[in-house]
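For reference, start.txt (compact mmCIF, C-alpha atoms and all ligand atoms):
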# COMPACT_ATOMS: atom_id res chain seq x y z
CA MET W 178 -35.71 23.59 -81.36
CA ASP W 179 -34.80 27.26 -81.64
CA GLY W 180 -31.94 26.82 -79.24
CA ARG W 181 -30.70 23.74 -80.96
CA ARG W 182 -30.71 25.54 -84.29
CA ARG W 183 -28.72 28.44 -82.88
CA LYS W 184 -26.25 26.05 -81.39
CA THR W 185 -25.83 24.32 -84.75
CA LEU W 186 -25.41 27.67 -86.46
CA SER W 187 -22.82 28.91 -84.03
CA ASN W 188 -20.96 25.65 -84.34
CA LYS W 189 -20.98 26.13 -88.08
CA LEU W 190 -19.80 29.68 -87.62
CA TRP W 191 -16.82 28.60 -85.61
CA ALA W 192 -16.01 25.94 -88.14
CA LEU W 193 -16.25 28.22 -91.16
CA PRO W 194 -13.41 30.47 -92.29
CA SER W 195 -13.93 34.09 -91.20
CA GLY W 196 -14.82 35.55 -94.57
CA THR W 197 -17.66 33.16 -95.25
CA ALA W 198 -18.98 32.89 -91.73
CA GLN W 199 -21.89 35.33 -91.77
CA ILE W 200 -23.12 35.02 -95.31
CA PRO W 201 -24.76 31.60 -95.44
CA ALA W 202 -25.97 31.85 -91.86
CA THR W 203 -27.83 35.17 -92.12
CA GLY W 204 -28.96 34.37 -95.61
CA ASN W 205 -30.47 31.11 -94.46
CA GLY W 206 -34.25 31.42 -94.97
CA SER W 207 -34.18 35.21 -94.97
CA GLY W 208 -33.65 35.60 -98.67
CA GLY W 209 -37.43 35.59 -99.40
CA SER W 210 -39.36 38.42 -97.75
CA ALA W 211 -42.51 36.30 -98.13
CA HIS W 212 -41.69 34.57 -94.86
CA ALA W 213 -41.69 37.80 -92.86
CA GLY W 214 -44.28 36.66 -90.35
CA SER W 215 -43.84 38.26 -86.94
CA ARG W 216 -42.80 35.05 -85.18
CA TYR W 217 -40.33 34.30 -87.90
CA ALA W 218 -39.01 37.87 -87.90
CA HIS W 219 -38.52 37.73 -84.17
CA ARG W 220 -36.59 34.50 -84.44
CA ARG W 221 -34.54 35.90 -87.27
CA ARG W 222 -33.65 39.02 -85.29
CA TYR W 223 -32.65 36.84 -82.42
CA GLU W 224 -30.48 34.72 -84.64
CA VAL W 225 -28.92 37.71 -86.36
CA ARG W 226 -28.09 39.20 -83.00
CA SER W 227 -26.50 35.98 -81.88
CA LEU W 228 -24.62 35.78 -85.16
CA LEU W 229 -23.44 39.34 -84.76
CA HIS W 230 -22.30 38.53 -81.29
CA HIS W 231 -20.34 35.59 -82.59
CA SER W 232 -18.86 37.45 -85.50
CA LEU W 233 -17.86 40.23 -83.10
CA MET W 234 -16.18 37.65 -80.92
CA ARG W 235 -14.47 36.24 -83.96
CA ASN W 236 -13.29 39.68 -84.99
CA ARG W 237 -11.98 40.31 -81.52
CA LEU W 238 -10.25 36.97 -81.57
CA HIS W 239 -8.70 37.77 -84.92
CA VAL W 240 -7.51 41.17 -83.74
CA THR W 241 -6.03 39.56 -80.64
CA LEU W 242 -4.31 36.87 -82.69
CA ILE W 243 -2.88 39.42 -85.11
CA ALA W 244 -1.70 41.60 -82.24
CA CYS W 245 -0.05 38.60 -80.60
CA ALA W 246 1.63 37.67 -83.86
CA LEU W 247 2.88 41.24 -84.30
CA VAL W 248 4.27 41.26 -80.81
CA ALA W 249 5.75 37.76 -81.07
CA TRP W 250 7.31 38.21 -84.51
CA PRO W 251 10.05 40.71 -83.62
CA THR W 252 10.74 38.73 -80.44
CA CYS W 253 11.23 35.57 -82.51
CA GLN W 254 13.39 37.48 -84.95
CA ALA W 255 15.51 38.89 -82.15
CA GLN W 256 15.90 35.47 -80.60
CA SER W 257 16.88 33.80 -83.85
CA THR W 258 19.44 36.45 -84.70
CA SER W 259 20.87 36.90 -81.21
CA ALA W 260 21.04 33.18 -80.41
CA VAL W 261 24.60 32.43 -81.35
CA GLU W 262 25.44 28.88 -82.30
CA PRO W 263 27.59 27.30 -79.60
CA ARG W 264 31.27 27.11 -80.48
CA ILE W 265 32.47 23.60 -81.00
CA ILE W 266 35.73 22.69 -79.32
CA GLU W 267 37.22 19.40 -80.42
CA LEU W 268 39.23 17.42 -77.92
CA THR W 269 40.63 13.95 -77.69
CA ALA W 270 40.74 12.09 -74.40
CA ASP W 271 43.47 9.85 -75.57
CA LYS W 272 44.72 6.32 -74.98
CA ASP W 273 47.88 7.67 -73.30
CA SER W 274 45.74 9.38 -70.65
CA ARG W 275 46.19 12.84 -72.08
CA TYR W 276 43.80 15.46 -73.36
CA ARG W 277 44.66 16.78 -76.81
CA HIS W 278 43.37 19.76 -78.75
CA GLY W 279 44.74 20.65 -82.19
CA GLY W 280 47.71 18.35 -81.69
CA LYS W 281 48.63 19.92 -78.35
CA ILE W 282 48.86 17.87 -75.18
CA ALA W 283 47.25 19.33 -72.06
CA PRO W 284 46.17 22.39 -74.05
CA THR W 285 44.99 25.76 -72.84
CA ILE W 286 41.64 26.61 -74.37
CA GLU W 287 40.50 30.18 -74.32
CA VAL W 288 36.79 30.92 -74.01
CA PHE W 289 34.62 33.87 -73.07
CA ALA W 290 32.79 34.02 -69.75
CA GLY W 291 29.31 32.62 -70.20
CA GLU W 292 30.02 31.42 -73.73
CA SER W 293 27.97 28.51 -75.04
CA LEU W 294 30.23 25.68 -76.04
CA ILE W 295 30.04 22.18 -77.30
CA LEU W 296 32.93 19.99 -76.27
CA ARG W 297 33.22 17.40 -78.99
CA ILE W 298 35.31 14.81 -77.25
CA THR W 299 36.68 11.69 -78.84
CA ALA W 300 37.48 9.31 -76.02
CA VAL W 301 39.90 6.46 -76.53
CA ARG W 302 40.34 3.77 -73.95
CA ALA W 303 43.59 3.82 -72.00
CA MET W 304 44.35 0.97 -69.58
CA GLU W 305 41.39 0.98 -67.21
CA VAL W 306 37.68 1.28 -67.74
CA ALA W 307 35.18 2.37 -65.09
CA ARG W 308 32.38 0.05 -64.05
CA ASP W 309 29.87 2.01 -66.14
CA GLY W 310 32.02 1.61 -69.24
CA SER W 311 33.46 5.12 -69.24
CA VAL W 312 37.09 5.29 -70.33
CA HIS W 313 37.83 8.83 -69.14
CA GLY W 314 36.09 11.58 -67.26
CA LEU W 315 35.98 15.33 -67.24
CA ALA W 316 35.43 17.77 -64.42
CA LEU W 317 36.17 21.47 -64.50
CA LEU W 318 37.57 22.81 -61.25
CA ASP W 319 37.64 26.39 -60.08
CA LYS W 320 40.50 27.89 -58.06
CA HIS W 321 39.15 26.25 -54.89
CA SER W 322 39.17 22.86 -56.65
CA ASP W 323 35.38 22.80 -56.61
CA THR W 324 33.66 21.37 -59.65
CA VAL W 325 32.00 24.03 -61.79
CA SER W 326 28.26 23.39 -62.05
CA GLY W 327 27.35 21.52 -65.24
CA TRP W 328 30.94 20.48 -65.91
CA ARG W 329 31.17 16.89 -64.81
CA PHE W 330 31.05 14.09 -67.38
CA PHE W 331 31.98 10.48 -67.90
CA LEU W 332 33.21 9.67 -71.36
CA GLN W 333 32.28 6.61 -73.31
CA PRO W 334 34.55 5.34 -76.06
CA GLY W 335 33.95 7.27 -79.27
CA VAL W 336 32.74 10.80 -80.00
CA GLN W 337 30.40 12.67 -77.68
CA ASP W 338 29.11 16.24 -77.76
CA LEU W 339 28.92 17.87 -74.36
CA ALA W 340 26.97 21.11 -74.21
CA VAL W 341 28.46 23.41 -71.58
CA THR W 342 28.47 27.05 -70.63
CA ALA W 343 31.78 28.67 -69.82
CA PRO W 344 32.01 29.89 -66.20
CA SER W 345 30.68 33.39 -65.66
CA GLN W 346 33.78 34.40 -63.71
CA PRO W 347 36.91 35.04 -65.78
CA GLY W 348 39.99 33.16 -64.67
CA ARG W 349 42.02 30.03 -65.11
CA TYR W 350 40.16 26.76 -64.62
CA THR W 351 41.56 23.26 -64.64
CA ALA W 352 39.82 20.37 -66.34
CA VAL W 353 40.77 16.98 -64.95
CA CYS W 354 40.04 13.38 -65.77
CA THR W 355 37.78 11.74 -63.19
CA VAL W 356 38.19 8.10 -64.20
CA ILE W 357 41.30 6.28 -63.12
CA CYS W 358 42.21 5.39 -66.67
CA SER W 359 45.86 4.35 -66.24
CA ASP W 360 48.97 4.99 -64.15
CA ALA W 361 49.31 8.26 -66.03
CA HIS W 362 45.78 9.36 -65.07
CA GLU W 363 46.92 12.00 -62.58
CA GLY W 364 48.48 14.08 -65.32
CA MET W 365 45.43 14.05 -67.57
CA GLY W 366 43.79 17.42 -67.99
CA PHE W 367 43.70 20.77 -69.75
CA THR W 368 43.29 24.42 -68.88
CA LEU W 369 40.26 26.55 -69.61
CA LEU W 370 41.16 30.20 -69.71
CA VAL W 371 38.01 32.22 -69.26
CA THR W 372 38.22 35.82 -70.45
CA THR W 373 35.77 38.71 -70.43
CA PRO W 374 33.53 38.85 -73.52
CA ILE W 375 34.64 41.22 -76.29
CA ASN W 376 31.74 43.63 -75.88
CA LYS W 377 32.95 44.39 -72.34
CA THR W 378 36.62 44.84 -73.17
CA LYS W 379 36.41 47.10 -76.21
CA GLU W 380 39.23 49.54 -75.77
CU CU M 401 41.99 9.41 -66.40

Output the file's structure as structure tokens, nothing else.
Amino acid sequence: MDGRRRKTLSNKLWALPSGTAQIPATGNGSGGSAHAGSRYAHRRRYEVRSLLHHSLMRNRLHVTLIACALVAWPTCQAQSTSAVEPRIIELTADKDSRYRHGGKIAPTIEVFAGESLILRITAVRAMEVARDGSVHGLALLDKHSDTVSGWRFFLQPGVQDLAVTAPSQPGRYTAVCTVICSDAHEGMGFTLLVTTPINKTKE
């Protein structure tokens, strides 16, 4: 019975908010000194010790939690302030099998190496549609005509946001359409000019 009671008490302790944890538990039955028989006193000591143990554990837990919070807080702050919103670049993959950006056909878009971007592409059907329903495609090729990792997409009619990261190597990259969308498909593309980030070129 003793053990069961302790178990109940410790369960209560864990359930109670920290400030109130010890008061009702230690006060339970010990308020009147009339009950101070030796057996009772022994049990009480035992319980108090177990309560102390638990409250110590709780204190340690609290200290640990607070320490974690203190450590985590600046990290979260740093992350939220340093995480730059990706730049949105609006493009149209048009019905005449041309990429447009700000009214320019086959534009050159300048980005920083490693920059987070969102390509907001409005795709409009040209003559042909791929079997999966895509009306145009997009692949970014490096100087060896290899597709840059993470830069291959098939475009459905309408607006789509493509999250990409600019290549880490500065240089001139060519974006091409990968769906045979019309006779003019071969000429459909744009240039991505990747430059070194500002903080590395400050002169
Ligand atoms: Cu095409």

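Using all atoms listed in the file for every distance, the candidate list W:Val356, W:Leu294, W:Val261, W:Pro344 yields W:Val356 as the residue closest to Arg308 of chain W.
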
Next on the checklist: If the limit is 10 Å from any atom of ligand CU 401 (chain M), counting all atoms listed in the file, which residues qualify? Return them as a PyMOL selection string.
Outcome noted: chain W and resi 270-276+302-307+311-315+353-366

Next on the checklist: Please report the interatomic distance between atom CA of Leu369 of chain W and atom CA of Ala343 of chain W in Å with one decimal.
Outcome noted: 8.7 Å

Next on the checklist: Is it possible to get the residues within 6 Å of (35.5, 12.5, -75.9) (coordinates as in the file, counting all atoms listed in the file) written as JSON, numbers by chain?
Outcome noted: {"W": [269, 270, 298, 299, 300, 332, 336, 337]}

Got time to write the residues from that selection, C-alpha atoms, as a compact mmCIF listing (two decimals), keeping the file's coordinate frame?
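Wrote it out as part_5.txt, contents follow:
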# COMPACT_ATOMS: atom_id res chain seq x y z
CA THR W 269 40.63 13.95 -77.69
CA ALA W 270 40.74 12.09 -74.40
CA ILE W 298 35.31 14.81 -77.25
CA THR W 299 36.68 11.69 -78.84
CA ALA W 300 37.48 9.31 -76.02
CA LEU W 332 33.21 9.67 -71.36
CA VAL W 336 32.74 10.80 -80.00
CA GLN W 337 30.40 12.67 -77.68

Next on the checklist: I'd like the neighbourhood of Phe367 of chain W as a VMD selection string, where a residue qualifies if any of its atoms comes within 9 Å (using all atoms listed in the file), though same-chain residues fewer than 4 positions away should be ignored.
Outcome noted: chain W and resid 275 to 277 282 to 286 350 to 353

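Each of W:Leu370, W:Val301, W:Val325, W:Ala316 was checked against Glu287 of chain W using all atoms listed in the file; the smallest atom-to-atom distance is that of W:Leu370.
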
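For the set W:Glu262, W:Gly291, W:Asp319, W:Phe330, the residue with the smallest atom-to-atom gap to Thr368 of chain W is W:Asp319, counting only C-alpha atoms.
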
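Interatomic distance, atom CA of Gly335 of chain W against atom CA of His278 of chain W: 15.7 Å.
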
Item to check | atom CA of Phe331 of chain W to atom CA of Arg349 of chain W, straight-line distance in Å | outcome: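 Separating atom CA of Arg349 of chain W from atom CA of Phe331 of chain W is a distance of 22.2 Å.
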